[in-house]
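Written below as structure tokens is the structure these notes are about.
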Amino acid sequence: MPDTGIGARVLRKEDARFLTGRGNYTDDINRPNQTYAYILRSPHAHAKIKKLGIAKAAKAPGVVAVFTGADLASDKVNGLPCGWLVHNKDGTPMVEPSHPALVTDRVRHVGDQVAVVIAESRAQARDAAELIEVGYEELPAVVSIADALKPGAPLVWDQAAANTCYDWELGDKAANDAAFAKAAKVAKVDLVNNRLIPNAIEPRAAIGEYDATSGHYTLYTTSQNPHVIRLLMGAFVLGIPEHKLRVVAPDVGGGFGSKIYHYAEEAIVTWAARKVGRPIKWTAERSESFMSDCHGRDHVTHAELALDGNGKFLALKVLTKANLGAYLSTFAPCIPTYLYATLLAGNYATPTIYCSVRAVFTNTVPVDAYRGAGRPEATYVVERLVDEAARISGIDRAEIRRRNYIPRDKFPYQTPVALQYDIGDYHTTLDKVLKAGDYAGFEKRREEAKKRGRLRGLGIASYIEACGIAPSAVVGSLGARAGLYESAAVRVHPTGSVTVYTGSHSHGQGHETTFAQLVCSTLGVSLDNVDIVHGDTDKIPFGMGTYGSRSLAVGGSAMFNAMQKVIAKGKKIAAHLLEAAEADIEFANGEFRVAGTDKKKALAEVSLAAYVPHNYPAGLEPGLEEQAFYDPLNFTYPAGTYLSEVEIDPDTGALSVESFTAADDFGRIINPMIVEGQVHGGIAQGIGQALLEGCVYDGQGQLLTGSYLDYCMPRADNLPSFKVDTNVTACTHNPLGVKGCGEAGAIGAPACIMSAILDALRPLGVASLDMPATAEKIWRAVERAKTPKAA
Amino acid sequence: MTAVTVSMTVNGKPVTATVEARTLLVQLLRESLLLTGTHVGCDTSQCGACVVDVDGRSLKSCTLLAVQAQGAQVTTIEGLAKDGKLHPMQEAFRENHGLQCGFCTPGMVMSALDLVKHNADPSEREVREWLEGNICRCTGYHNIVKSILAGAAAMRGK
């Protein structure tokens, strides 16, 4: 048997269908007698709805029905729930406004859902929507964080004074102040973490269906977590019990966080399918994605790092304001708090850390997790500060990191911001990346570039992330309204092939391959004899889905534990067949063997006996299928260090990324090819954030970056090929020793690229720059630096 | 609504469909012919998920009315593999992990084939520049570029 187990570069099982056009994405699915939905969205950022006339639209050709928020209300459809409760400094709960699937009285962002038209064709639904008469009374809008917090600013929600959702803190402020008082030097930064639009290439889509004879609903949707959607939509929005609601997330074309959340359109098509008695398909146009998919990031931060005379970090203080948009999306409140402030220790042994976060409502699209989710924001703050600390102390940037890293022998390490890192080896990772990226040879390359009139800069950034998400009890104590375990069922069929049902969801991660490799290694079954089933609540026992780089660490661990149960039962059957004691049976390479003998039974022989139990242990149930729920004991802590080099043309501000070198510690690796691919993709999104991407609203709340013409997605010619390497310390608390790799690139790359840009520009006197560092922004910074300062 | 009847050859088979005059080629392929391998990722002709071959040129099928393809020879991603064997470019994407979620992939492969038609032995830079009209959010393009270079080499017989 070829090596297809843990650690092998196995080519992906799923590729055959994707490469031949036989993927099965939501919009590829057509249901008999299907209709099409078009959502009428608000053109205003903030307005009262004075009139909503649907009569003309309802009579338009092909129209089956037109529904508004009033129809939902009369059917007692609830708003979309928020899954995380954060408390203020004074212990009071955050302001938690309603989040209607269709608004009734007031729109709060461009793109807010006003009405839905259901028609025989997409075009007819869209045409009819133009006939809906909406009388808006425009209200002043607040768009930026600064706008929202201005005294006397218009209120997005009447109950949220000063537009504040919560004002939260973490850490011991008094101890922090005391440490700052003793500092030899203090590094300070003021940073904007630019707002991003996730832009999975598959637009969101949903098909609702209702079977009147059984009372069953089915929702096909572009989701990273179908069970979570079933729970949120069934239990909280539509009041459909789980056994009457099936949610299917078939092939999904990328998620990056944006497809975690329960969105209004899912509830609308499911509810309306019963009203019209026919299936209803809705597919977002890209322009709708821009104004209705949750956005990411959007922080403004002031931060300070106290240093002693040797460049050792004494204390970190971070004051952040975060934009949550107009409504609270599913996970929104936890992103700038528990996935951000808790990561501010970074890779460093900083003794005291204090963070305060004020989260505000604005008349913009809701903001929630986007690849990295809080951790890129934390990394950006920490690493910009560390670079600044190096500069003011005159210490080399790699050296100051080395000097402050948590030493290898200090794990498990309790940070001052709640997390306990189980294991890591940041020094070795640093050594690897410095070597791979030829840190030592950089100054020569800088000189050579200078001769060509180019400014070359080297960037360095370390990162840590908390992945897996989570132990349920821990997240519960922090305000999560769900458990965050994962489930798996492993079915060994009579002839020994295996189907695994996992609650994790693959939308590009290659689970059908990686998870199958895990089965190959554990049960000794060939890759062709394993199928991984995901994305269907009617097939899979339960699931919390895929986000936070959790699939392998949590979902894979559940699968591993279920397989251990299969092996344990198999041993009983094998012992009976081999007439040996159960304790003497060993299992390896797909065979049950009496220890120290050549007496053995293959897994397929044991499974056949389990389903044809003629000669079978007394009292043992037939069948060979086991299930496990795995609730992690801790988060996992992937960490790494990145190096990059950029060249800038000072006359135009044009920048090229000359090299990007990554060294990551993801723990044990199942498929290096897939892991490298994940790192590449994350780095590209991180470089996108640093150089190209930025969501822009005008002062009235109009979305100026509403298409690929205006929002700059990274293209192939914006990026170099990447050099990636790994350093392995195995996670100590899950059975696979794995940590997760999906978000790392997006977490470390923005800080690394900005470090390179500032390194290139510092000789000209440019001290700070915000992302995205476009050519224009760089050119302006260079020009400003050239202008003599007024006396 | 004006209905029109269009006829063309898709993946070697003659097809005829009666559609609204405003129907885009991609809608005809996906909705009338149920060739759902060609995807729609944007509404401004940037993402390239809908690229197909029309009379020997790679075109964005979201930018072409179905009637404009009247009488044309159209090849979609479904038309590349022959007798259950992947086209060398498809095989190169598989071998080099040139896809993750798979949504941009059909457009990438179709676009790559047109590149090779113009330039049988492209450099990495030329591949990157050619892909200006194809957006991928998953791979960071690293393995797509590698795949196309390998696919081009395979098609040259190397």
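Ordered as shown in the structure tokens, chains take letters A, B, and onward, while each chain numbers its residues from 1 and ligands are numbered from 1 in the order shown.
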**Request:** Please give the complete set of residues from segment 464-564 of chain A that DSSP, run on the backbone, assigns to helix (DSSP H, G or I), formatted as JSON, numbers by chain.
**Result:** {"A": [472, 473, 474, 475, 476, 477, 511, 512, 513, 514, 515, 516, 517, 518, 519, 520, 521, 522, 523, 527, 528, 529, 551, 552, 553, 554, 555, 556, 557, 558, 559, 560, 561, 562, 563, 564]}
I'd like a table as CSV: residues in chain A with an atom no more than 8 Å from chain B, each row giving the shortest atom pair and its distance in Å to one decimal, only C-alpha atoms counted, sorted by chain and rising residue number.
```
residue,atom,partner,partner_atom,distance
A:Leu11,CA,B:Glu95,CA,6.6
A:Arg12,CA,B:Arg94,CA,7.3
A:Asp15,CA,B:Arg94,CA,6.2
A:Ala16,CA,B:Arg94,CA,7.7
A:Phe18,CA,B:Gly102,CA,5.3
A:Leu19,CA,B:Gln90,CA,6.0
A:Thr20,CA,B:Glu78,CA,5.4
A:Gly21,CA,B:Gly37,CA,3.6
A:Arg22,CA,B:Gly37,CA,5.9
A:Gly23,CA,B:Gly37,CA,6.9
A:Asp28,CA,B:Thr36,CA,5.6
A:Asn199,CA,B:Arg137,CA,7.4
A:Ala200,CA,B:Arg137,CA,6.2
A:Ile201,CA,B:Gly41,CA,5.4
A:Glu202,CA,B:Gly41,CA,5.5
A:Pro203,CA,B:Gly41,CA,6.2
A:Asp251,CA,B:Cys101,CA,7.9
A:Val252,CA,B:Cys101,CA,6.8
A:Gly253,CA,B:Cys101,CA,4.9
A:Gly254,CA,B:Cys101,CA,5.5
A:Glu285,CA,B:Asp43,CA,6.4
A:Arg286,CA,B:Cys42,CA,4.6
A:Ser287,CA,B:Asp43,CA,7.0
A:His507,CA,B:Cys101,CA,5.4
A:Gly508,CA,B:Cys101,CA,3.5
A:Gln509,CA,B:Gln100,CA,6.3
A:Gly510,CA,B:Gln100,CA,6.9
A:Met673,CA,B:His97,CA,7.2
A:Ile674,CA,B:His97,CA,7.5
A:Gly677,CA,B:Thr139,CA,6.0
A:Gln678,CA,B:Thr139,CA,7.1
A:His680,CA,B:Gly140,CA,5.2
A:Gly681,CA,B:Gly140,CA,4.3
A:Gly682,CA,B:Gly140,CA,7.3
A:Ile683,CA,B:Gly140,CA,7.1
A:Ala684,CA,B:Gly140,CA,4.7
A:Gln685,CA,B:Gly140,CA,7.4
A:Ser707,CA,B:Thr44,CA,7.2
A:Tyr708,CA,B:Gln46,CA,6.3
A:Leu709,CA,B:Thr44,CA,7.3
A:Met713,CA,B:Ile135,CA,7.5
A:Pro714,CA,B:Ile135,CA,7.7
A:Arg715,CA,B:Glu132,CA,6.1
A:Ala716,CA,B:Arg128,CA,4.8
A:Asp717,CA,B:Arg128,CA,4.7
A:Leu719,CA,B:Gly140,CA,7.7
A:Pro720,CA,B:His142,CA,7.7
A:Ser721,CA,B:His142,CA,5.4
A:Phe722,CA,B:His142,CA,7.0
```
Any chance you could export the current selection's N, CA and C atoms as a short mmCIF file (atom, residue, chain, number, x, y, z; two decimals), in the first residue's frame?
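Output (again_8.cif):
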```cif
data_model
loop_
_atom_site.label_atom_id
_atom_site.label_comp_id
_atom_site.auth_asym_id
_atom_site.auth_seq_id
_atom_site.Cartn_x
_atom_site.Cartn_y
_atom_site.Cartn_z
N LEU A 11 -2.31 13.60 -3.02
CA LEU A 11 -3.09 14.50 -3.88
C LEU A 11 -4.55 14.42 -3.47
N ARG A 12 -5.27 15.50 -3.72
CA ARG A 12 -6.60 15.61 -3.13
C ARG A 12 -7.65 14.76 -3.84
N ASP A 15 -10.33 16.81 -5.94
CA ASP A 15 -9.97 17.59 -7.13
C ASP A 15 -10.61 17.09 -8.41
N ALA A 16 -10.83 15.79 -8.51
CA ALA A 16 -11.37 15.24 -9.76
C ALA A 16 -12.69 15.92 -10.11
N PHE A 18 -13.84 18.91 -8.97
CA PHE A 18 -13.69 20.35 -9.19
C PHE A 18 -13.03 20.65 -10.53
N LEU A 19 -12.11 19.80 -10.94
CA LEU A 19 -11.37 20.07 -12.17
C LEU A 19 -12.15 19.73 -13.42
N THR A 20 -13.22 18.99 -13.26
CA THR A 20 -14.00 18.62 -14.45
C THR A 20 -15.35 19.34 -14.47
N GLY A 21 -15.51 20.31 -13.58
CA GLY A 21 -16.75 21.08 -13.57
C GLY A 21 -17.90 20.35 -12.90
N ARG A 22 -17.58 19.34 -12.08
CA ARG A 22 -18.64 18.57 -11.45
C ARG A 22 -18.77 18.83 -9.96
N GLY A 23 -18.23 19.96 -9.52
CA GLY A 23 -18.50 20.40 -8.15
C GLY A 23 -19.99 20.61 -7.98
N ASP A 28 -25.52 25.59 -8.08
CA ASP A 28 -25.58 24.54 -9.11
C ASP A 28 -26.80 23.64 -8.90
N ASN A 199 -14.88 38.43 0.54
CA ASN A 199 -14.81 38.08 -0.88
C ASN A 199 -14.38 36.66 -1.21
N ALA A 200 -15.01 35.68 -0.57
CA ALA A 200 -14.92 34.32 -1.11
C ALA A 200 -15.42 34.41 -2.55
N ILE A 201 -14.82 33.65 -3.46
CA ILE A 201 -15.18 33.86 -4.87
C ILE A 201 -16.58 33.31 -5.18
N GLU A 202 -17.03 32.34 -4.42
CA GLU A 202 -18.43 31.93 -4.59
C GLU A 202 -19.32 32.88 -3.80
N PRO A 203 -20.21 33.59 -4.46
CA PRO A 203 -21.13 34.45 -3.71
C PRO A 203 -22.07 33.60 -2.86
N ASP A 251 -20.76 21.67 -1.70
CA ASP A 251 -19.48 22.30 -1.97
C ASP A 251 -19.63 23.81 -1.76
N VAL A 252 -18.70 24.36 -1.03
CA VAL A 252 -18.77 25.79 -0.73
C VAL A 252 -17.47 26.43 -1.23
N GLY A 253 -17.64 27.50 -1.99
CA GLY A 253 -16.51 28.11 -2.68
C GLY A 253 -15.79 29.17 -1.87
N GLY A 254 -15.18 28.70 -0.79
CA GLY A 254 -14.42 29.61 0.08
C GLY A 254 -15.32 30.23 1.13
N GLU A 285 -25.59 38.51 -6.06
CA GLU A 285 -24.69 39.07 -7.05
C GLU A 285 -23.49 39.61 -6.27
N ARG A 286 -22.36 39.76 -6.94
CA ARG A 286 -21.17 40.20 -6.21
C ARG A 286 -21.41 41.55 -5.53
N SER A 287 -22.14 42.43 -6.19
CA SER A 287 -22.37 43.74 -5.57
C SER A 287 -23.17 43.58 -4.28
N HIS A 507 -14.52 23.89 2.88
CA HIS A 507 -14.84 24.83 1.79
C HIS A 507 -13.55 25.27 1.13
N GLY A 508 -12.70 24.27 0.90
CA GLY A 508 -11.42 24.51 0.24
C GLY A 508 -10.25 23.88 0.98
N GLN A 509 -10.50 23.45 2.22
CA GLN A 509 -9.41 22.96 3.07
C GLN A 509 -8.96 21.55 2.74
N GLY A 510 -9.72 20.82 1.94
CA GLY A 510 -9.29 19.47 1.55
C GLY A 510 -9.52 18.41 2.60
N MET A 673 1.41 19.17 1.74
CA MET A 673 1.00 19.89 0.53
C MET A 673 -0.19 20.80 0.83
N ILE A 674 -1.16 20.26 1.56
CA ILE A 674 -2.35 21.04 1.88
C ILE A 674 -2.01 22.15 2.87
N GLY A 677 -0.43 24.97 1.06
CA GLY A 677 -1.47 25.70 0.32
C GLY A 677 -2.24 26.66 1.22
N GLN A 678 -2.54 26.19 2.43
CA GLN A 678 -3.24 27.05 3.38
C GLN A 678 -2.39 28.27 3.74
N HIS A 680 0.03 29.62 1.92
CA HIS A 680 0.09 30.52 0.74
C HIS A 680 -1.14 31.43 0.70
N GLY A 681 -2.30 30.81 0.85
CA GLY A 681 -3.54 31.57 0.74
C GLY A 681 -3.66 32.62 1.83
N GLY A 682 -3.28 32.23 3.03
CA GLY A 682 -3.34 33.18 4.15
C GLY A 682 -2.38 34.34 3.94
N ILE A 683 -1.19 34.04 3.48
CA ILE A 683 -0.21 35.10 3.23
C ILE A 683 -0.76 36.07 2.18
N ALA A 684 -1.36 35.52 1.12
CA ALA A 684 -1.89 36.38 0.06
C ALA A 684 -2.96 37.32 0.61
N GLN A 685 -3.82 36.80 1.49
CA GLN A 685 -4.84 37.68 2.07
C GLN A 685 -4.19 38.71 2.99
N SER A 707 -17.44 46.93 -5.65
CA SER A 707 -17.24 45.94 -6.71
C SER A 707 -15.75 45.67 -6.87
N TYR A 708 -15.43 44.68 -7.68
CA TYR A 708 -14.02 44.39 -7.93
C TYR A 708 -13.34 45.49 -8.75
N LEU A 709 -14.11 46.43 -9.26
CA LEU A 709 -13.50 47.57 -9.92
C LEU A 709 -12.89 48.52 -8.90
N MET A 713 -8.65 43.41 -5.03
CA MET A 713 -8.28 42.04 -4.64
C MET A 713 -6.87 41.75 -5.13
N PRO A 714 -6.09 40.99 -4.36
CA PRO A 714 -4.76 40.62 -4.83
C PRO A 714 -4.87 39.77 -6.10
N ARG A 715 -4.11 40.14 -7.11
CA ARG A 715 -4.00 39.35 -8.34
C ARG A 715 -2.66 38.62 -8.33
N ALA A 716 -2.53 37.70 -9.27
CA ALA A 716 -1.30 36.90 -9.32
C ALA A 716 -0.05 37.76 -9.47
N ASP A 717 -0.19 38.88 -10.20
CA ASP A 717 1.02 39.68 -10.44
C ASP A 717 1.31 40.68 -9.32
N LEU A 719 1.86 39.40 -6.35
CA LEU A 719 2.44 38.53 -5.32
C LEU A 719 3.66 37.79 -5.85
N PRO A 720 4.57 37.46 -4.95
CA PRO A 720 5.69 36.61 -5.35
C PRO A 720 5.32 35.15 -5.09
N SER A 721 6.20 34.23 -5.45
CA SER A 721 6.08 32.88 -4.92
C SER A 721 6.59 32.92 -3.49
N PHE A 722 6.04 32.04 -2.65
CA PHE A 722 6.37 32.10 -1.23
C PHE A 722 7.29 30.94 -0.85
#
```
task = Do a neighbour search on Pro750 of chain A at 12 Å with only C-alpha atoms, toss out local chain neighbours closer than 5 positions, and write the hits as a PyMOL selection string.
result = chain A and resi 193-194+372+375-384+459-463+642-644+660+682-693+744-745+755-757+770-773
Mind dumping the selected residues with C-alpha atoms as a short mmCIF file (atom, residue, chain, number, x, y, z; two decimals), in the first residue's frame?
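Written output follows (again-v1.cif):
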```
data_model
loop_
_atom_site.label_atom_id
_atom_site.label_comp_id
_atom_site.auth_asym_id
_atom_site.auth_seq_id
_atom_site.Cartn_x
_atom_site.Cartn_y
_atom_site.Cartn_z
CA ASN A 193 -6.52 48.17 11.16
CA ASN A 194 -8.25 48.61 7.82
CA GLY A 372 -7.67 35.37 11.61
CA ARG A 375 -5.62 37.70 15.97
CA PRO A 376 -4.31 39.62 12.94
CA GLU A 377 -5.38 42.80 14.71
CA ALA A 378 -3.53 41.76 17.90
CA THR A 379 -0.45 40.67 15.97
CA TYR A 380 -0.39 43.94 14.08
CA VAL A 381 -0.45 45.97 17.29
CA VAL A 382 2.17 43.86 19.05
CA GLU A 383 4.56 43.60 16.12
CA ARG A 384 4.37 47.26 15.12
CA GLY A 459 10.07 43.03 7.30
CA ILE A 460 9.87 40.70 10.23
CA ALA A 461 6.90 39.65 12.31
CA SER A 462 6.17 36.90 14.76
CA TYR A 463 2.64 35.82 15.57
CA TYR A 642 7.71 35.68 8.79
CA LEU A 643 10.28 37.61 6.78
CA SER A 644 9.56 39.68 3.71
CA PHE A 660 8.17 36.24 1.48
CA GLY A 682 -3.34 33.18 4.15
CA ILE A 683 -0.21 35.10 3.23
CA ALA A 684 -1.89 36.38 0.06
CA GLN A 685 -4.84 37.68 2.07
CA GLY A 686 -2.43 39.25 4.56
CA ILE A 687 -0.49 40.94 1.79
CA GLY A 688 -3.84 42.03 0.35
CA GLN A 689 -4.68 43.72 3.63
CA ALA A 690 -1.26 45.36 3.87
CA LEU A 691 -1.03 46.64 0.31
CA LEU A 692 -4.28 46.60 -1.61
CA GLU A 693 -7.52 46.01 0.21
CA ALA A 744 -1.64 31.84 10.15
CA GLY A 745 -0.68 33.56 6.91
CA SER A 755 7.54 46.19 8.82
CA ALA A 756 9.29 45.90 5.46
CA ILE A 757 7.73 49.06 4.09
CA ASP A 770 -1.43 52.81 7.71
CA MET A 771 -2.68 49.88 5.67
CA PRO A 772 -3.38 49.47 2.85
CA ALA A 773 -0.02 50.90 1.85
#
```
For segment 386-403 of chain A, please output as number ranges by chain all residues within 10 Å (counting only C-alpha atoms; exclusion window: fewer than 6 positions along the same chain).
A: 184-189, 304-313, 347-349, 380, 426-428, 430-431, 434, 439, 459-462, 641, 751, 755, 758-759, 767-768
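For the choices A:Leu620, A:Leu344, A:Val269, A:Leu419, the atom-to-atom distance to Tyr210 of chain A is smallest for A:Val269 when using only C-alpha atoms.
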Need the shell around Pro88 of chain B: protein/DNA/RNA residues with any atom at most 9 Å away, counting only C-alpha atoms. Skip same-chain ones fewer than 3 positions apart. Format as a PDB file with C-alpha atoms, in the first residue's frame?
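Done, and the output landed in part17.pdb:
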```pdb
ATOM      1  CA  ALA B  81     -11.323  15.573 -20.113  1.00  0.00           C
ATOM      2  CA  LYS B  85      -8.695  11.122 -18.656  1.00  0.00           C
ATOM      3  CA  GLU B  91      -3.835  17.042 -14.400  1.00  0.00           C
ATOM      4  CA  ALA B  92      -1.193  19.705 -13.668  1.00  0.00           C
ATOM      5  CA  PHE B  93      -3.615  21.535 -11.364  1.00  0.00           C
ATOM      6  CA  ALA B 150       3.721  22.371 -15.340  1.00  0.00           C
ATOM      7  CA  GLY B 151       0.647  22.100 -17.573  1.00  0.00           C
ATOM      8  CA  ALA B 152       2.321  24.114 -20.311  1.00  0.00           C
ATOM      9  CA  ALA B 154       3.236  18.771 -20.289  1.00  0.00           C
ATOM     10  CA  MET B 155       1.465  20.151 -23.342  1.00  0.00           C
TER      11      MET B 155
END
```
What separates atom CA of Gly503 of chain A and atom CA of Val247 of chain A is a distance of 12.3 Å
**Message:** Taking 4 positions as the minimum chain separation for residues in the same chain, which residues sit within 12 Å of segment 575-579 of chain A when counting only C-alpha atoms? Answer as a PyMOL selection string.
**Reply:** chain A and resi 567-571+583-587+592-595+597-602+605-610+613-620
Could you find all residues in chain B that DSSP calls strand (DSSP E or B) from the backbone, and write them as a PyMOL selection string? chain B and resi 3-10+13-20+24+51-54+57-60+65+73-75+82+85
### Query
What's the 7 Å shell around Ser472 of chain A, counting only C-alpha atoms, without same-chain residues fewer than 4 positions away, as number ranges by chain?
A: 476, 483-485, 631
Kindly export the residues of the current selection with N, CA and C atoms, as a PDB file, in the first residue's frame.
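Wrote out_32.pdb, looks like this:
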```pdb
ATOM      1  N   GLY A 476     -17.852  29.364  27.290  1.00  0.00           N
ATOM      2  CA  GLY A 476     -19.122  29.642  27.962  1.00  0.00           C
ATOM      3  C   GLY A 476     -18.941  30.692  29.038  1.00  0.00           C
ATOM      4  N   GLY A 483     -21.749  25.592  22.791  1.00  0.00           N
ATOM      5  CA  GLY A 483     -20.579  24.779  23.087  1.00  0.00           C
ATOM      6  C   GLY A 483     -19.736  24.715  21.832  1.00  0.00           C
ATOM      7  N   LEU A 484     -18.453  24.521  21.976  1.00  0.00           N
ATOM      8  CA  LEU A 484     -17.622  24.539  20.770  1.00  0.00           C
ATOM      9  C   LEU A 484     -16.753  23.285  20.667  1.00  0.00           C
ATOM     10  N   TYR A 485     -17.420  22.156  20.734  1.00  0.00           N
ATOM     11  CA  TYR A 485     -16.781  20.858  20.573  1.00  0.00           C
ATOM     12  C   TYR A 485     -16.938  20.441  19.107  1.00  0.00           C
ATOM     13  N   ASP A 631     -14.405  17.636  23.043  1.00  0.00           N
ATOM     14  CA  ASP A 631     -14.378  19.003  23.556  1.00  0.00           C
ATOM     15  C   ASP A 631     -12.947  19.263  24.028  1.00  0.00           C
TER      16      ASP A 631
END
```
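You can rank A:Thr652, A:Val77, A:Thr342, A:Ile353 by their closest distance to Gly453 of chain A using only C-alpha atoms, and at the top of that list sits A:Thr652.
The coordinates place atom CA of Ser551 of chain A at 15.5 Å from atom CA of Ile6 of chain A.
For the atom pair formed by atom CA of Gly496 of chain A and atom CA of Val566 of chain A, the distance is 11.9 Å, given to one decimal.
Considering the residues B:Ser61, B:Gln73, B:Ser32, B:Thr2 and counting only C-alpha atoms, Pro14 of chain B has its shortest atom-to-atom contact with B:Gln73.
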